[in-house]
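**Student:** I'd like to ask you about the structure that follows.
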Amino acid sequence: MRRTERLFAILQILRAARGPVTAQRLADELEVSLRTVYRDTAELIAQRVPLRGDAGIGYLLGAGYELPPLMLTADELDTAILGAAWVAQRGDAALARAARSLVEKLGQVVPKELRSQLVEPSLRAGKTRYAIADGVDLGVVRAAIRDRRKLEIEYGDVATPRVVWPFQIGFLDEVRMVVAHCELRGDLRHFRADRLRAARLLDARIPESQRSLRKRWEQQNPQRV
């Protein structure tokens, strides 16, 4: 791990901690010596980071300190690039455009030494052979989830409209799956996106929180969690 990555990792550990963090704990988590921890924390203090260290107690980060935006490690950048490539291939049209735009924006803000990872990525998402077209624009479904609004859909061979409370979209290798509470069935259901015939956003709000809906789904589908 390069020094810049260690400094960032130390700040992340301290921000997540609820109290002082000992030098030994930092050394163990970063897999470095105590001497390296002492040098790194001294460097942070020299860079005017509000870091306080008390002997026998540990290090504490000053309240309200914010990390510089997009201070990414090499592994974090690889993760973002791989994730964007996966979404560009398997997401709907709007998400694919957003994935490509994300990579372009990353190229404008990441440090120069990391830009080669964007130009020549070492990790690639394999192309899927099972791309099945969605029956509707999933952007409408995502909008319903974000705004917690009900959705009226037509599904499968039965054209009868039904009202659902969408809260999750599963991106599988072959198809995309909308998970929602169905008012017609009074229970949770999975809807294949390629079998959706229509999707209309309603003004009515979903009366149950996303957390509650997701918890119900996890209880009913423990093998998928």
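Residues in the structure tokens are named by chain (A, B, ... in the order shown) and by number from 1 within that chain; ligands are numbered from 1 in the order shown.
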May I have a table of the residues of range 84-155 of chain A lying at most 9 Å from range 72-79 of chain A, giving each one's closest pair of atoms and their distance in Å to one decimal, counting only C-alpha atoms, ordered by chain and ascending residue number, as a tab-separated table?

**Tutor:**
residue	atom	partner	partner_atom	distance
A:Ala84	CA	A:Thr79	CA	8.5
A:Leu106	CA	A:Leu77	CA	8.6
A:Val110	CA	A:Leu72	CA	7.4
A:Pro111	CA	A:Leu72	CA	8.7
A:Leu114	CA	A:Ala74	CA	6.8
A:Gln117	CA	A:Asp78	CA	7.2
A:Leu118	CA	A:Asp78	CA	8.4
A:Pro121	CA	A:Asp78	CA	7.5
A:Ser122	CA	A:Asp78	CA	8.0
A:Leu123	CA	A:Asp78	CA	7.1

**Student:** I'd like the contact shell of Gly56 in chain A - 9 Å cut-off, only C-alpha atoms, skipping same-chain residues fewer than 2 positions apart - returned as a list in words.

**Tutor:**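 Close residues of Gly56 in chain A: Thr22, Asp54 and Gly58 of chain A.
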
**Student:** From the DSSP assignment of the backbone, select every residue of range 11-222 of chain A that is strand (DSSP E), and format the answer as a ChimeraX atom specification.

**Tutor:** /A:51-54,58-61,149-155,158-171,176-182,187-192,196-205

**Student:** I'd like the contact shell of Ala17 in chain A - 12 Å cut-off, only C-alpha atoms, skipping same-chain residues fewer than 5 positions apart - returned as a CSV table (one decimal) with C-alpha atoms, in the first residue's frame.

**Tutor:**
chain,number,residue,atom,x,y,z
A,10,ILE,CA,-6.0,6.1,8.5
A,11,LEU,CA,-8.5,9.0,8.1
A,12,GLN,CA,-11.2,6.6,7.0
A,22,THR,CA,-4.8,3.2,19.3
A,25,ARG,CA,-5.0,-1.0,16.1
A,26,LEU,CA,-4.1,1.2,13.1
A,58,GLY,CA,-5.1,6.8,21.0
A,59,TYR,CA,-5.8,9.0,18.1
A,60,LEU,CA,-9.0,11.1,17.6
A,61,LEU,CA,-10.0,13.1,14.5
A,62,GLY,CA,-11.5,16.5,15.1
A,63,ALA,CA,-15.2,16.9,14.6

**Student:** Quick one: everything within 12 Å of Ala94 in chain A, counting only C-alpha atoms, minus sequence neighbours fewer than 6 positions away in the same chain. Send it as a PyMOL selection string.

**Tutor:** chain A and resi 87-88+100-101+137-140+142-143

**Student:** For range 208-211 of chain A, work out the shell of residues within 10 Å, counting only C-alpha atoms and skipping chain neighbours fewer than 6 positions away, then give it as a list in words.

**Tutor:** Ile145, Arg146, Arg148, Trp165, Pro166, Phe167, Gln168, His181 and Trp217 of chain A

**Student:** How would the residues just picked look written out with N, CA and C atoms as a CSV table (one decimal), in the first residue's frame?

**Tutor:**
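Below is the file selection-v1.csv, written as the result:
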chain,number,residue,atom,x,y,z
A,145,ILE,N,-39.2,4.2,-7.3
A,145,ILE,CA,-38.5,3.8,-6.1
A,145,ILE,C,-37.9,5.0,-5.4
A,146,ARG,N,-37.3,5.9,-6.1
A,146,ARG,CA,-36.6,7.1,-5.5
A,146,ARG,C,-37.7,8.0,-4.9
A,148,ARG,N,-40.7,7.1,-4.0
A,148,ARG,CA,-41.7,6.3,-3.1
A,148,ARG,C,-43.1,6.5,-3.6
A,165,TRP,N,-45.9,-1.6,-5.4
A,165,TRP,CA,-45.0,-0.6,-4.7
A,165,TRP,C,-43.6,-1.1,-4.9
A,166,PRO,N,-42.9,-0.6,-5.9
A,166,PRO,CA,-41.5,-1.1,-6.2
A,166,PRO,C,-40.5,-0.6,-5.2
A,167,PHE,N,-39.6,-1.4,-4.9
A,167,PHE,CA,-38.5,-1.0,-4.0
A,167,PHE,C,-37.1,-1.5,-4.3
A,168,GLN,N,-37.1,-2.4,-5.3
A,168,GLN,CA,-35.8,-2.9,-5.7
A,168,GLN,C,-35.8,-3.5,-7.1
A,181,HIS,N,-44.2,-4.9,-3.8
A,181,HIS,CA,-45.5,-5.3,-3.2
A,181,HIS,C,-46.6,-5.2,-4.2
A,217,TRP,N,-38.9,-8.7,2.3
A,217,TRP,CA,-38.3,-9.5,1.2
A,217,TRP,C,-37.2,-10.4,1.7

**Student:** Which residue, A:Leu7, A:Leu196, A:Ala55, A:Val141, has the smallest gap to Pro20 in chain A when you use only C-alpha atoms?

**Tutor:**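 Looking only at the distances to Pro20 in chain A, the closest residue turns out to be A:Ala55.
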
**Student:** Could you check the closest approach to Phe171 in chain A for each of A:Ala204, A:Ile132, A:Leu14, A:Val103 and tell me which residue wins, using only C-alpha atoms?

**Tutor:** A:Ile132

**Student:** Neighbours of Ala99 in chain A within 12 Å (only C-alpha atoms; same-chain residues fewer than 4 positions away dropped), as a PyMOL selection string?

**Tutor:** chain A and resi 80-95+103-106

**Student:** Work out how far CA of Val164 in chain A is from CA of Leu202 in chain A, in Å to one decimal.

**Tutor:**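 We find that CA of Leu202 in chain A and CA of Val164 in chain A lie 10.1 Å from each other.
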
**Student:** Go ahead and compute the interatomic distance for CA of Ala198 in chain A and CA of Lys150 in chain A, in Å to one decimal.

**Tutor:**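 Separating CA of Ala198 in chain A from CA of Lys150 in chain A is a distance of 13.6 Å.
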